[in-house]
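Next up, start_21.cif (mmCIF, C-alpha atoms):
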```
data_start
loop_
_atom_site.label_atom_id
_atom_site.label_comp_id
_atom_site.auth_asym_id
_atom_site.auth_seq_id
_atom_site.Cartn_x
_atom_site.Cartn_y
_atom_site.Cartn_z
CA MET A 1 102.66 79.87 262.88
CA LYS A 2 105.65 81.84 261.61
CA LEU A 3 105.31 85.25 259.97
CA VAL A 4 107.26 88.43 259.24
CA THR A 5 106.16 91.96 260.11
CA VAL A 6 107.43 95.43 259.24
CA ARG A 7 108.14 97.51 262.33
CA LYS A 8 108.07 101.29 262.12
CA PRO A 9 109.74 103.36 260.77
CA GLY A 10 110.58 100.66 258.23
CA GLY A 11 113.83 99.37 256.82
CA LEU A 12 115.16 95.91 256.12
CA ASP A 13 116.59 95.79 259.64
CA LYS A 14 113.02 96.33 260.92
CA LEU A 15 111.66 93.10 259.44
CA GLU A 16 110.80 90.94 262.44
CA VAL A 17 110.12 87.19 262.47
CA GLN A 18 107.30 86.34 264.89
CA GLU A 19 105.19 83.41 266.05
CA ARG A 20 101.39 83.73 266.32
CA ASP A 21 98.40 81.45 266.57
CA GLU A 22 96.98 80.15 263.33
CA PRO A 23 93.99 82.28 262.24
CA MET A 24 90.48 80.89 261.92
CA PRO A 25 88.36 81.59 258.82
CA ARG A 26 85.26 83.69 259.42
CA ALA A 27 82.11 83.58 257.31
CA GLY A 28 83.02 84.08 253.67
CA GLN A 29 86.72 83.44 254.28
CA VAL A 30 89.13 80.64 253.44
CA LEU A 31 92.12 79.53 255.50
CA VAL A 32 95.12 79.09 253.21
CA ARG A 33 98.41 77.41 254.02
CA VAL A 34 100.76 79.74 252.16
CA ARG A 35 103.52 77.87 250.38
CA ALA A 36 105.28 80.62 248.43
CA SER A 37 105.45 84.34 247.71
CA SER A 38 107.59 86.45 245.39
CA LEU A 39 109.28 89.81 245.64
CA ASN A 40 108.07 92.92 243.83
CA TYR A 41 109.35 96.49 243.92
CA HIS A 42 106.10 97.49 245.61
CA ASP A 43 106.85 95.06 248.47
CA TYR A 44 110.35 96.50 248.80
CA VAL A 45 109.02 100.06 249.09
CA VAL A 46 106.58 98.93 251.80
CA CYS A 47 109.35 97.21 253.76
CA ILE A 48 111.75 100.16 253.69
CA GLY A 49 109.01 102.51 254.89
CA GLY A 50 108.41 104.26 251.57
CA ILE A 51 104.68 103.46 251.72
CA PRO A 52 103.13 104.25 255.12
CA THR A 53 101.61 101.18 256.77
CA PRO A 54 100.59 100.45 260.36
CA ASP A 55 103.28 99.18 262.70
CA GLY A 56 103.44 95.40 262.44
CA ARG A 57 102.07 95.11 258.91
CA ILE A 58 102.62 91.66 257.36
CA PRO A 59 104.12 92.41 253.92
CA MET A 60 104.08 90.69 250.51
CA SER A 61 101.31 91.02 247.93
CA ASP A 62 101.87 87.71 246.13
CA GLY A 63 100.86 84.36 247.57
CA ALA A 64 100.19 80.80 246.44
CA GLY A 65 99.01 78.01 248.68
CA GLU A 66 96.49 75.36 249.59
CA VAL A 67 93.02 75.83 251.07
CA ILE A 68 92.96 74.18 254.51
CA ALA A 69 89.49 75.15 255.74
CA VAL A 70 86.53 77.31 254.67
CA GLY A 71 84.20 79.53 256.63
CA GLU A 72 80.44 79.56 256.56
CA GLY A 73 78.92 80.43 253.18
CA VAL A 74 82.04 79.76 251.10
CA SER A 75 81.15 78.10 247.79
CA ARG A 76 84.03 78.92 245.47
CA TRP A 77 86.75 76.86 247.17
CA LYS A 78 87.09 73.64 249.14
CA PRO A 79 89.89 72.16 251.26
CA GLY A 80 92.70 70.91 249.05
CA ASP A 81 92.27 73.53 246.31
CA HIS A 82 95.43 75.28 245.15
CA VAL A 83 94.85 79.02 245.00
CA LEU A 84 96.63 82.16 243.86
CA SER A 85 96.27 85.61 245.38
CA ALA A 86 94.79 88.64 243.60
CA PHE A 87 96.68 91.94 243.91
CA PHE A 88 93.35 93.82 244.03
CA PRO A 89 90.92 91.54 245.91
CA ASP A 90 88.01 93.91 245.21
CA TRP A 91 88.61 94.39 241.46
CA ARG A 92 86.80 91.49 239.89
CA THR A 93 86.29 92.65 236.30
CA GLY A 94 85.74 95.66 234.08
CA PRO A 95 87.86 98.80 233.67
CA PRO A 96 90.18 100.08 236.42
CA ARG A 97 88.45 101.16 239.57
CA ALA A 98 89.44 104.05 241.85
CA ALA A 99 93.16 103.69 242.52
CA THR A 100 92.94 102.51 246.11
CA PHE A 101 95.41 100.21 247.81
CA ALA A 102 93.29 99.82 250.94
CA SER A 103 92.70 96.11 250.36
CA VAL A 104 95.98 95.22 248.64
CA PRO A 105 97.77 92.45 250.59
CA GLY A 106 100.97 93.65 252.20
CA ASP A 107 99.95 97.30 251.84
CA GLY A 108 96.47 98.33 252.99
CA ALA A 109 95.94 94.89 254.52
CA ASP A 110 98.16 92.13 255.89
CA GLY A 111 99.87 90.09 253.20
CA PHE A 112 101.45 86.72 252.53
CA ALA A 113 104.67 86.74 254.57
CA ALA A 114 103.00 84.20 256.86
CA GLU A 115 102.48 80.45 256.99
CA TYR A 116 98.68 80.82 257.19
CA VAL A 117 96.26 83.54 256.10
CA ALA A 118 92.48 83.85 256.47
CA MET A 119 91.07 85.98 253.66
CA PRO A 120 87.82 86.40 251.71
CA GLU A 121 87.18 83.68 249.15
CA SER A 122 87.03 86.42 246.50
CA ALA A 123 90.70 87.27 247.13
CA PHE A 124 91.95 84.27 245.11
CA THR A 125 91.91 82.69 241.68
CA ARG A 126 93.02 79.20 240.75
CA MET A 127 96.66 78.38 240.01
CA PRO A 128 97.74 77.31 236.51
CA GLU A 129 97.57 73.57 235.92
CA GLY A 130 100.99 71.97 236.34
CA TYR A 131 102.51 74.91 238.22
CA ASP A 132 104.12 74.37 241.61
CA PHE A 133 103.57 76.95 244.35
CA GLN A 134 106.84 78.79 243.74
CA ALA A 135 106.09 79.25 240.04
CA ALA A 136 102.51 80.34 240.72
CA ALA A 137 103.60 82.90 243.31
CA THR A 138 105.48 84.87 240.65
CA LEU A 139 102.26 85.73 238.77
CA PRO A 140 99.84 88.02 240.68
CA CYS A 141 101.79 91.28 240.42
CA ALA A 142 104.61 91.08 237.86
CA ALA A 143 103.07 88.72 235.31
CA LEU A 144 99.62 90.30 235.45
CA THR A 145 101.11 93.77 235.02
CA ALA A 146 102.90 92.61 231.87
CA TRP A 147 99.80 90.78 230.62
CA ARG A 148 97.53 93.80 231.02
CA ALA A 149 100.09 96.11 229.39
CA LEU A 150 100.46 93.99 226.27
CA THR A 151 97.09 92.34 225.75
CA VAL A 152 94.54 94.66 227.38
CA GLU A 153 95.95 98.14 226.83
CA ALA A 154 98.30 97.79 223.82
CA ARG A 155 96.42 94.87 222.23
CA ILE A 156 99.55 93.59 220.53
CA LYS A 157 99.24 91.33 217.51
CA PRO A 158 101.58 89.06 215.55
CA GLY A 159 104.41 90.97 213.91
CA ASP A 160 104.29 93.93 216.31
CA TRP A 161 107.46 95.25 217.90
CA VAL A 162 107.64 95.30 221.71
CA LEU A 163 110.42 96.90 223.75
CA VAL A 164 111.13 95.75 227.31
CA GLN A 165 113.44 97.51 229.73
CA GLY A 166 115.74 95.49 231.98
CA THR A 167 115.45 91.91 233.18
CA GLY A 168 113.20 92.12 236.22
CA GLY A 169 110.00 90.16 236.64
CA VAL A 170 107.66 92.40 234.62
CA SER A 171 110.05 92.72 231.71
CA ILE A 172 110.80 89.00 231.47
CA PHE A 173 107.10 88.14 231.56
CA ALA A 174 106.44 90.81 228.93
CA LEU A 175 109.09 89.21 226.72
CA GLN A 176 107.51 85.78 227.16
CA PHE A 177 103.95 86.99 226.52
CA ALA A 178 105.04 89.01 223.48
CA LYS A 179 106.78 86.03 221.90
CA ALA A 180 103.78 83.80 222.62
CA ALA A 181 101.65 86.35 220.73
CA GLY A 182 103.96 86.30 217.71
CA ALA A 183 105.49 89.72 218.37
CA ARG A 184 109.12 90.75 217.94
CA VAL A 185 111.02 91.95 221.00
CA ILE A 186 113.80 94.42 221.67
CA ALA A 187 115.30 94.16 225.17
CA THR A 188 117.56 96.60 226.99
CA SER A 189 119.95 96.06 229.89
CA SER A 190 123.27 97.37 231.19
CA SER A 191 124.63 93.81 231.40
CA ASP A 192 125.88 91.93 228.35
CA GLU A 193 125.51 88.69 230.30
CA LYS A 194 121.81 89.38 230.94
CA LEU A 195 121.31 90.40 227.32
CA GLU A 196 122.67 87.03 226.26
CA ARG A 197 120.12 85.35 228.52
CA VAL A 198 117.19 87.32 227.10
CA ARG A 199 118.29 86.37 223.60
CA LYS A 200 118.02 82.74 224.67
CA LEU A 201 114.46 83.51 225.84
CA GLY A 202 113.61 84.78 222.37
CA ALA A 203 114.52 88.48 222.24
CA ASP A 204 115.09 89.44 218.60
CA HIS A 205 117.38 92.39 219.33
CA THR A 206 119.18 93.64 222.43
CA ILE A 207 120.70 96.97 223.43
CA ASN A 208 123.19 97.71 226.21
CA TYR A 209 121.89 101.10 227.28
CA LYS A 210 125.15 102.07 229.02
CA GLU A 211 127.08 101.55 225.80
CA THR A 212 124.25 103.10 223.74
CA PRO A 213 122.75 106.03 225.70
CA GLU A 214 120.56 106.92 222.69
CA TRP A 215 118.95 103.50 222.83
CA GLY A 216 115.59 104.90 221.77
CA ARG A 217 117.00 105.91 218.41
CA ALA A 218 118.78 102.55 218.12
CA ALA A 219 115.55 100.67 218.80
CA PHE A 220 113.70 102.75 216.22
CA GLU A 221 116.32 101.89 213.61
CA MET A 222 116.10 98.17 214.47
CA THR A 223 112.50 98.23 213.21
CA ASP A 224 113.67 99.52 209.79
CA GLY A 225 112.43 102.97 210.68
CA ARG A 226 108.88 101.91 211.51
CA GLY A 227 109.17 102.32 215.28
CA VAL A 228 108.12 100.19 218.22
CA ASP A 229 104.43 99.39 218.71
CA GLU A 230 104.52 98.84 222.48
CA ILE A 231 107.06 99.97 225.08
CA VAL A 232 106.94 98.48 228.58
CA GLU A 233 108.18 101.55 230.46
CA ILE A 234 109.81 100.53 233.76
CA GLY A 235 112.14 103.43 234.41
CA GLY A 236 109.77 106.40 234.44
CA PRO A 237 110.99 109.97 233.91
CA GLY A 238 114.62 109.02 233.32
CA THR A 239 113.83 106.70 230.40
CA LEU A 240 110.55 108.07 229.02
CA ALA A 241 112.23 110.39 226.50
CA GLN A 242 114.08 107.45 224.94
CA SER A 243 110.89 105.39 224.88
CA ILE A 244 109.17 108.17 222.94
CA LYS A 245 112.05 108.17 220.45
CA ALA A 246 111.70 104.41 220.02
CA ALA A 247 107.93 104.47 219.45
CA ARG A 248 106.20 104.41 216.10
CA VAL A 249 103.55 106.92 215.09
CA ASN A 250 100.37 105.99 216.97
CA GLY A 251 102.38 103.64 219.18
CA HIS A 252 101.67 102.82 222.80
CA ILE A 253 103.64 103.18 226.05
CA SER A 254 102.68 101.26 229.18
CA LEU A 255 103.93 103.28 232.14
CA ILE A 256 104.59 100.74 234.87
CA GLY A 257 107.59 101.76 236.97
CA VAL A 258 109.21 104.78 238.53
CA LEU A 259 112.70 103.39 239.09
CA THR A 260 114.26 106.69 237.98
CA GLY A 261 111.97 108.92 240.04
CA VAL A 262 108.36 109.92 240.50
CA SER A 263 108.40 113.06 238.34
CA GLY A 264 110.42 114.69 235.60
CA GLU A 265 110.38 116.43 232.24
CA VAL A 266 108.42 114.92 229.37
CA PRO A 267 109.21 115.83 225.73
CA THR A 268 105.60 116.70 225.03
CA ALA A 269 106.17 117.92 221.48
CA ALA A 270 107.71 114.59 220.48
CA PHE A 271 104.90 112.75 222.27
CA PHE A 272 102.00 114.50 220.54
CA SER A 273 103.73 114.75 217.16
CA LYS A 274 103.85 110.95 217.09
CA ASN A 275 100.21 110.75 218.25
CA LEU A 276 101.28 108.37 221.02
CA ARG A 277 99.11 106.82 223.70
CA MET A 278 100.31 106.12 227.22
CA ASP A 279 98.50 104.20 229.95
CA GLY A 280 99.46 103.96 233.58
CA ILE A 281 99.35 100.31 234.64
CA THR A 282 98.61 99.23 238.22
CA VAL A 283 98.51 95.43 237.88
CA GLY A 284 95.02 94.24 236.81
CA SER A 285 91.69 92.65 237.65
CA GLN A 286 90.91 89.07 238.64
CA SER A 287 89.27 88.39 235.29
CA MET A 288 92.48 89.53 233.58
CA GLN A 289 94.40 87.17 235.85
CA GLU A 290 92.14 84.28 234.85
CA ASP A 291 92.65 85.11 231.15
CA MET A 292 96.41 85.20 231.73
CA ILE A 293 96.36 81.82 233.45
CA ARG A 294 94.56 80.26 230.49
CA ALA A 295 97.13 81.77 228.11
CA ILE A 296 99.99 80.46 230.26
CA GLU A 297 98.49 76.97 230.15
CA ALA A 298 97.88 77.12 226.40
CA ASN A 299 101.43 78.26 225.62
CA GLY A 300 103.34 76.33 228.28
CA ILE A 301 104.97 79.50 229.64
CA GLU A 302 107.26 78.91 232.61
CA PRO A 303 108.35 81.77 234.88
CA VAL A 304 112.04 82.59 235.14
CA ILE A 305 113.02 82.22 238.80
CA ASP A 306 116.33 83.68 239.94
CA THR A 307 116.67 82.60 243.57
CA GLY A 308 114.62 81.24 246.46
CA PHE A 309 114.85 82.31 250.10
CA PRO A 310 113.12 80.96 253.22
CA LEU A 311 110.55 83.21 254.86
CA GLU A 312 112.78 84.06 257.82
CA ASN A 313 115.42 85.41 255.41
CA LEU A 314 113.09 87.93 253.77
CA ALA A 315 115.49 90.80 254.50
CA ASP A 316 118.30 88.96 252.68
CA ALA A 317 115.97 88.38 249.75
CA PHE A 318 115.33 92.13 249.48
CA ARG A 319 119.07 92.83 249.74
CA HIS A 320 119.55 90.51 246.78
CA GLN A 321 116.89 92.52 244.95
CA GLU A 322 118.62 95.78 245.92
CA ALA A 323 121.86 94.57 244.35
CA GLN A 324 120.05 94.34 240.97
CA LYS A 325 121.91 91.20 240.04
CA HIS A 326 118.82 89.04 239.77
CA PHE A 327 117.33 87.84 236.49
CA GLY A 328 113.61 87.20 236.67
CA LYS A 329 111.77 86.62 239.93
CA ILE A 330 112.99 86.13 243.51
CA VAL A 331 110.73 83.80 245.46
CA LEU A 332 110.04 83.01 249.12
CA ASP A 333 109.60 79.41 250.17
CA ILE A 334 107.14 79.38 253.05
#
```
Kindly return the structure encoded in the file as structure tokens.
Amino acid sequence: MKLVTVRKPGGLDKLEVQERDEPMPRAGQVLVRVRASSLNYHDYVVCIGGIPTPDGRIPMSDGAGEVIAVGEGVSRWKPGDHVLSAFFPDWRTGPPRAATFASVPGDGADGFAAEYVAMPESAFTRMPEGYDFQAAATLPCAALTAWRALTVEARIKPGDWVLVQGTGGVSIFALQFAKAAGARVIATSSSDEKLERVRKLGADHTINYKETPEWGRAAFEMTDGRGVDEIVEIGGPGTLAQSIKAARVNGHISLIGVLTGVSGEVPTAAFFSKNLRMDGITVGSQSMQEDMIRAIEANGIEPVIDTGFPLENLADAFRHQEAQKHFGKIVLDI
């Protein structure tokens, strides 16, 4: 079978295409023919060496495919089932567990940049009805992160205001989930072309943050001075101050990304004077994923896919991601 590994010390030029024997499922495992994966920022950091992994790690946390064979004792799946990976294979339900990435595919364990994987039966949920493999593969990290932020932590309701930053996978899914819930959405980007596209997806207001550096104040005014109920915070320290300005009193911020750095100043007086809440979001549980899948089916939500690349061109796929010209998800056809 064909697969891709990350050779130390990391870097896109260290992604190596290899051939290996097809694995065999052990007791409690299923053998899955992987058909698609999708790119996330977490995968990119792994591949460039920003997250230490053993030499030869198979990257990619997202995977969708077909069960080919099952090991002894497997009862949840049978050959022919279409399955979807779980970002945290050991987090079945309940509140967040200890923040460990030891079992996360493509990080603490080998991932889905391979034609076949043998993994525990508990590492998968079903795919949405009617989804093909490429569409399903966009869900386990980006979509579930957005779903947990809006529905589990912020508990948005019809009429709420939601602000999404940029046009990457998490933000586009957050826009789609917010509209499905009857919320109103403000979207930011530095590209007028991308802002036009998010308006076609249902965004009620858009802000070019390069033309409007004080976009937090602008967003606040767009709500007639009420403020935004939920901010999907992708940037981190470089954008958090503006998110606080945009928020309403007793509003919520879902801290998801660190695209502007891993630490920085926080306007604490503004934060506590508005009585804000902020949750750090590291994807979600399998039960959350199953809830999300049911909501996707009920609302007919389709992922926005930018471009597809073959497995052997994974490095080129990440270079496309680096260029920040994509809109929505980049997928791997395996």
Listed atoms of segment 64-74 of chain A, axis-aligned box, 3 Å per side: centre and edge lengths to one decimal in Å, as JSON?
```
{"center_x": 89.6, "center_y": 77.5, "center_z": 251.5, "size_x": 27.3, "size_y": 12.6, "size_z": 16.2}
```
Could you tell me which of A:Ala86, A:Leu332, A:Ala219, A:Met119 comes closest to Gly284 of chain A if we count only C-alpha atoms?
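Counting only C-alpha atoms, the residue closest to Gly284 of chain A is A:Ala86.
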Residue with the minimum atom-to-atom distance to Arg248 of chain A, picked from A:Leu150, A:Ala269, A:Ile156, A:Val228 with only C-alpha atoms counted, is A:Val228
Please indicate the distance in Å from atom CA of Asp132 of chain A to atom CA of Thr167 of chain A, rounded to one decimal place.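 About the pair atom CA of Asp132 of chain A and atom CA of Thr167 of chain A: they are 22.5 Å apart.
Taken over the shown file, the PyMOL selection byres ((chain A and resi 81) around 10) identifies Val32, Gly65, Glu66, Val67, Ile68, Ala69, Arg76, Trp77, Lys78, Pro79, Gly80, His82, Val83, Leu84, Arg126 and Met127 of chain A.
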_Spatial neighbours of segment 102-117 of chain A, max dist 9 Å, all atoms listed in the file, sep filter under 3 positions, as a ChimeraX atom specification_ = /A:1-5,22-25,30-37,42-43,46,51-54,57-65,85-90,311,314,332,334
Suppose you want the space between atom CA of Thr93 of chain A and atom CA of Ala181 of chain A; what is it in Å?
->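 Atom-to-atom, atom CA of Thr93 of chain A and atom CA of Ala181 of chain A are spaced 22.8 Å apart.
Nearest to Ala183 of chain A of all the residues A:Met292, A:Gly169, A:Asp204, A:Glu196 is A:Asp204, counting all atoms listed in the file.
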Of the listed residues A:His252, A:Lys194, A:Lys245, A:Lys210, that which approaches Val266 of chain A most closely, counting all atoms listed in the file: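 Residue with the minimum atom-to-atom distance to Val266 of chain A: A:Lys245.
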One residue among A:Ile186, A:Ala118, A:Ile48, A:Cys141 is nearest to Gln286 of chain A when using only C-alpha atoms, and that residue is A:Cys141
Practice problem: Can you work out the spacing between atom CA of Ala241 of chain A and atom CA of Arg217 of chain A in Å, to one decimal? | Solution: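 About the pair atom CA of Ala241 of chain A and atom CA of Arg217 of chain A: they are 10.4 Å apart.
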Evaluate the PyMOL selection byres ((chain A and resi 322) around 12) and report residues as a VMD selection string: chain A and resid 12 39 to 41 44 to 45 48 168 259 315 to 321 323 to 326 330
* For Glu302 of chain A, the nearest of the candidates A:Val283, A:Ile234, A:Ala142, A:Ala135, counting only C-alpha atoms ->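 That would be A:Ala135, the residue with the smallest distance to Glu302 of chain A.
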